[in-house]
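Data block below; observations after.
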Amino acid sequence: MDNRDAMGSWLSGPRAAAEEMGVDFGYRGERLGLPQEGPGSLAPLGRRFGALIVDWALCMLIAYGLIARGDQQAAGNWALAIFFVLSLLTVGTVGGTPGKALFRLRVIDERGGRLGLGRVLLRSVLLCIAVPALIWDRDSRGLHDRLARAVQIRV
């Protein structure tokens, strides 16, 4: 084996190396029974990050303007509490936050239904901890979604 091939696979990551050896991972969401593209397909990372930024900005605006009265440190703490409540209430009732609605995303059960309150609570707590949301599987689902058996899809 040429050392350059080994270096290239190391730099590309384990998935690229496995694909070069002939492993077929399929498309993101295939294992969950989701379509490859269009409505009902797995939400792309860009839209998910965009929705998160919109939701966090909304929570910061509420915290800074209405609760913390200009104290930036207190605003950040209150924003996290507001984000938790926002996530709990909106994902549990309509399947998504205002940011998700803006980016045309929805959070559903792995089987296609609505998440129950216990799973929404678990997902919201893990999302606020942040670390589980940074650990992804091969379908680009965060650990918070995997543990809550949830999927973010396009609407």
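Labeling convention for the structure tokens: chains A, B, ... as they appear, residues from 1 per chain, ligands from 1 in order of appearance.
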I'd like the neighbourhood of Ala101 in chain A as a compact mmCIF listing (two decimals) with C-alpha atoms, in the first residue's frame, where a residue qualifies if any of its atoms comes within 12 Å (using only C-alpha atoms), though same-chain residues fewer than 6 positions away should be ignored.
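result_21.txt, written as the output of this step:
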```txt
# COMPACT_ATOMS: atom_id res chain seq x y z
CA ARG A 47 -31.26 24.34 8.05
CA ARG A 48 -30.96 22.82 11.51
CA GLY A 50 -30.15 28.14 10.98
CA ALA A 51 -33.20 27.21 13.04
CA LEU A 52 -31.07 26.96 16.18
CA VAL A 54 -33.00 31.94 15.07
CA ASP A 55 -34.34 30.28 18.24
CA THR A 90 -43.36 24.03 20.98
CA VAL A 91 -41.80 20.68 20.07
CA VAL A 94 -46.66 21.63 17.19
CA GLY A 95 -43.51 19.62 16.51
CA VAL A 107 -39.35 17.07 14.94
CA GLN A 152 -35.80 16.22 12.35
CA ILE A 153 -37.37 16.24 8.89
CA ARG A 154 -38.15 18.70 6.12
CA VAL A 155 -41.74 19.80 5.85
```
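Of all the residues in range 74-120 of chain A, the ones DSSP labels as alpha helix (DSSP H) from the backbone are Ala74, Ala75, Gly76, Asn77, Trp78, Ala79, Leu80, Ala81, Ile82, Phe83, Phe84, Val85, Leu86, Ser87, Leu88, Leu89, Thr90, Val91, Gly92, Thr93, Pro98, Gly99, Lys100, Ala101, Leu102, Leu117, Gly118, Arg119 and Val120 of chain A.
Within the 10 Å cut-off around Gly112 in chain A, using only C-alpha atoms and omitting residues fewer than 4 positions from it on the same chain, the listed residues are Leu32, Gly33, Leu34, Gly40, Val107, Ile108, Ala150, Val151 and Ile153 of chain A.
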Would you put the residues from that selection into a file with N, CA and C atoms, as an mmCIF file, in the first residue's frame?
```cif
data_model
loop_
_atom_site.group_PDB
_atom_site.id
_atom_site.type_symbol
_atom_site.label_atom_id
_atom_site.label_comp_id
_atom_site.auth_asym_id
_atom_site.auth_seq_id
_atom_site.Cartn_x
_atom_site.Cartn_y
_atom_site.Cartn_z
ATOM 1 N N LEU A 32 -33.847 4.862 8.536
ATOM 2 C CA LEU A 32 -35.049 5.276 9.264
ATOM 3 C C LEU A 32 -36.302 5.186 8.407
ATOM 4 N N GLY A 33 -36.137 4.800 7.152
ATOM 5 C CA GLY A 33 -37.276 4.687 6.242
ATOM 6 C C GLY A 33 -37.737 6.013 5.675
ATOM 7 N N LEU A 34 -36.863 7.010 5.676
ATOM 8 C CA LEU A 34 -37.215 8.335 5.167
ATOM 9 C C LEU A 34 -36.827 8.451 3.697
ATOM 10 N N GLY A 40 -40.372 15.207 4.183
ATOM 11 C CA GLY A 40 -40.253 13.963 4.920
ATOM 12 C C GLY A 40 -38.848 13.416 4.982
ATOM 13 N N VAL A 107 -39.897 18.165 14.150
ATOM 14 C CA VAL A 107 -39.351 17.069 14.938
ATOM 15 C C VAL A 107 -40.459 16.044 15.125
ATOM 16 N N ILE A 108 -40.159 14.807 14.724
ATOM 17 C CA ILE A 108 -41.152 13.739 14.828
ATOM 18 C C ILE A 108 -40.533 12.520 15.504
ATOM 19 N N ALA A 150 -36.060 10.580 18.193
ATOM 20 C CA ALA A 150 -36.668 11.641 17.401
ATOM 21 C C ALA A 150 -35.884 11.833 16.108
ATOM 22 N N VAL A 151 -36.544 12.435 15.129
ATOM 23 C CA VAL A 151 -35.941 12.733 13.828
ATOM 24 C C VAL A 151 -36.387 14.129 13.435
ATOM 25 N N ILE A 153 -37.095 16.426 10.320
ATOM 26 C CA ILE A 153 -37.371 16.237 8.892
ATOM 27 C C ILE A 153 -37.729 17.562 8.233
#
```
Excluding Gly65 in chain A and its own-chain neighbours fewer than 4 positions away, which residues fall within 12 Å of it when counting only C-alpha atoms? Please give them as a PyMOL selection string.
chain A and resi 57-61+69-72+74-76+78-79
Restricting it to C-alpha atoms, dump the selection as a CSV table (one decimal), in the first residue's frame.
```
chain,number,residue,atom,x,y,z
A,57,ALA,CA,-31.5,34.9,19.0
A,58,LEU,CA,-35.2,35.0,19.9
A,59,CYS,CA,-34.5,33.7,23.4
A,60,MET,CA,-31.6,36.2,23.9
A,61,LEU,CA,-33.9,39.0,22.8
A,69,ARG,CA,-32.8,44.4,31.9
A,70,GLY,CA,-29.5,44.9,30.1
A,71,ASP,CA,-27.3,42.5,32.2
A,72,GLN,CA,-25.5,40.4,29.6
A,74,ALA,CA,-27.9,37.2,33.4
A,75,ALA,CA,-29.4,37.4,29.9
A,76,GLY,CA,-27.4,34.4,28.8
A,78,TRP,CA,-32.2,33.4,31.3
A,79,ALA,CA,-31.9,32.7,27.5
```
Counting only C-alpha atoms, closest pick from A:Thr97, A:Ser87, A:Gln73, A:Gln36 relative to Leu121 in chain A is A:Ser87
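The space between CA of Pro44 in chain A and CA of Gly22 in chain A spans 25.0 Å.
All residues in chain A with a DSSP state of strand (DSSP E or B), computed from the backbone, read Leu42, Leu105, Arg106, Val107, Ile108, Asp109, Trp136, Gly142, Ala150, Val151, Gln152, Ile153 and Arg154 of chain A.
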Any chance you can output those residues with N, CA, C and O atoms as a compact mmCIF listing (two decimals), in the first residue's frame?
```txt
# COMPACT_ATOMS: atom_id res chain seq x y z
N LEU A 42 -34.69 13.62 5.81
CA LEU A 42 -33.91 14.09 6.94
C LEU A 42 -33.51 15.54 6.74
O LEU A 42 -33.09 15.93 5.64
N LEU A 105 -38.91 22.90 9.09
CA LEU A 105 -38.48 21.64 9.70
C LEU A 105 -39.49 21.22 10.76
O LEU A 105 -40.25 22.04 11.26
N ARG A 106 -39.48 19.95 11.09
CA ARG A 106 -40.36 19.43 12.14
C ARG A 106 -39.63 18.30 12.85
O ARG A 106 -38.86 17.56 12.26
N VAL A 107 -39.90 18.16 14.15
CA VAL A 107 -39.35 17.07 14.94
C VAL A 107 -40.46 16.04 15.12
O VAL A 107 -41.56 16.38 15.59
N ILE A 108 -40.16 14.81 14.72
CA ILE A 108 -41.15 13.74 14.83
C ILE A 108 -40.53 12.52 15.50
O ILE A 108 -39.32 12.42 15.67
N ASP A 109 -41.39 11.59 15.86
CA ASP A 109 -40.98 10.29 16.36
C ASP A 109 -40.34 9.50 15.22
O ASP A 109 -40.63 9.74 14.06
N TRP A 136 -22.86 13.02 16.71
CA TRP A 136 -23.77 12.63 15.64
C TRP A 136 -23.55 11.20 15.22
O TRP A 136 -22.47 10.65 15.34
N GLY A 142 -28.18 14.08 16.10
CA GLY A 142 -27.49 14.28 17.36
C GLY A 142 -27.88 13.22 18.37
O GLY A 142 -28.94 12.60 18.26
N ALA A 150 -36.06 10.58 18.19
CA ALA A 150 -36.67 11.64 17.40
C ALA A 150 -35.88 11.83 16.11
O ALA A 150 -34.72 11.44 16.00
N VAL A 151 -36.54 12.44 15.13
CA VAL A 151 -35.94 12.73 13.83
C VAL A 151 -36.39 14.13 13.43
O VAL A 151 -37.55 14.49 13.59
N GLN A 152 -35.44 14.92 12.90
CA GLN A 152 -35.80 16.22 12.35
C GLN A 152 -35.93 16.06 10.84
O GLN A 152 -35.00 15.63 10.18
N ILE A 153 -37.09 16.43 10.32
CA ILE A 153 -37.37 16.24 8.89
C ILE A 153 -37.73 17.56 8.23
O ILE A 153 -38.08 18.53 8.90
N ARG A 154 -37.66 17.56 6.91
CA ARG A 154 -38.15 18.70 6.12
C ARG A 154 -39.67 18.61 6.05
O ARG A 154 -40.24 17.54 5.98
```
Residue with smallest distance to Lys100 in chain A - pool A:Tyr64, A:Phe49, A:Phe83, A:Tyr27, counting only C-alpha atoms:
A:Phe49
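Remark: for Arg31 in chain A, the closest of the candidate residues A:Arg111, A:Leu122, A:Leu127, A:Leu45 is A:Arg111 (distances computed over only C-alpha atoms).
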One decimal place gives the CA of Ala81 in chain A-CA of Thr93 in chain A separation as 18.4 Å
Can you list, as a PyMOL selection string, every protein, DNA or RNA residue that comes within 9 Å of His144 in chain A when you count only C-alpha atoms, leaving out same-chain residues fewer than 3 positions away?
chain A and resi 122-127+130-135+141+147-150
Could you write out the selected residues, including N, CA, C and O atoms, as a tab-separated table (two decimals), in the first residue's frame?
```
chain	number	residue	atom	x	y	z
A	122	LEU	N	-36.79	14.84	27.68
A	122	LEU	CA	-35.44	14.30	27.58
A	122	LEU	C	-34.65	15.01	26.48
A	122	LEU	O	-33.51	15.42	26.69
A	123	ARG	N	-35.26	15.18	25.33
A	123	ARG	CA	-34.59	15.84	24.20
A	123	ARG	C	-34.22	17.28	24.54
A	123	ARG	O	-33.12	17.73	24.25
A	124	SER	N	-35.12	18.00	25.20
A	124	SER	CA	-34.87	19.40	25.55
A	124	SER	C	-33.75	19.53	26.58
A	124	SER	O	-32.89	20.40	26.46
A	125	VAL	N	-33.74	18.66	27.58
A	125	VAL	CA	-32.67	18.70	28.59
A	125	VAL	C	-31.33	18.42	27.93
A	125	VAL	O	-30.34	19.14	28.15
A	126	LEU	N	-31.26	17.38	27.09
A	126	LEU	CA	-30.01	17.04	26.43
A	126	LEU	C	-29.55	18.13	25.47
A	126	LEU	O	-28.36	18.39	25.34
A	127	LEU	N	-30.50	18.78	24.81
A	127	LEU	CA	-30.16	19.87	23.90
A	127	LEU	C	-29.57	21.05	24.67
A	127	LEU	O	-28.60	21.68	24.22
A	130	ALA	N	-26.00	20.66	25.57
A	130	ALA	CA	-25.25	20.94	24.33
A	130	ALA	C	-24.32	19.82	23.89
A	130	ALA	O	-24.24	19.55	22.70
A	131	VAL	N	-23.61	19.16	24.76
A	131	VAL	CA	-22.65	18.13	24.34
A	131	VAL	C	-23.34	17.00	23.57
A	131	VAL	O	-22.86	16.60	22.50
A	132	PRO	N	-24.48	16.45	24.04
A	132	PRO	CA	-25.13	15.39	23.24
A	132	PRO	C	-25.52	15.83	21.84
A	132	PRO	O	-25.50	15.02	20.91
A	133	ALA	N	-25.82	17.10	21.66
A	133	ALA	CA	-26.20	17.59	20.34
A	133	ALA	C	-25.00	17.65	19.39
A	133	ALA	O	-25.17	17.71	18.18
A	134	LEU	N	-23.80	17.60	19.94
A	134	LEU	CA	-22.58	17.66	19.12
A	134	LEU	C	-22.05	16.29	18.74
A	134	LEU	O	-21.09	16.18	18.00
A	135	ILE	N	-22.67	15.23	19.25
A	135	ILE	CA	-22.27	13.86	18.93
A	135	ILE	C	-23.30	13.31	17.94
A	135	ILE	O	-24.47	13.16	18.29
A	141	ARG	N	-27.81	12.60	12.95
A	141	ARG	CA	-28.71	12.88	14.07
A	141	ARG	C	-27.87	13.05	15.32
A	141	ARG	O	-26.98	12.25	15.60
A	147	LEU	N	-31.39	9.48	21.52
A	147	LEU	CA	-31.87	9.00	22.82
A	147	LEU	C	-33.37	9.25	23.00
A	147	LEU	O	-34.05	8.48	23.67
A	148	ALA	N	-33.87	10.33	22.41
A	148	ALA	CA	-35.31	10.62	22.48
A	148	ALA	C	-36.07	9.91	21.36
A	148	ALA	O	-37.29	10.07	21.26
A	149	ARG	N	-35.36	9.15	20.52
A	149	ARG	CA	-35.95	8.47	19.36
A	149	ARG	C	-36.74	9.46	18.49
A	149	ARG	O	-37.88	9.22	18.13
A	150	ALA	N	-36.06	10.58	18.19
A	150	ALA	CA	-36.67	11.64	17.40
A	150	ALA	C	-35.88	11.83	16.11
A	150	ALA	O	-34.72	11.44	16.00
```
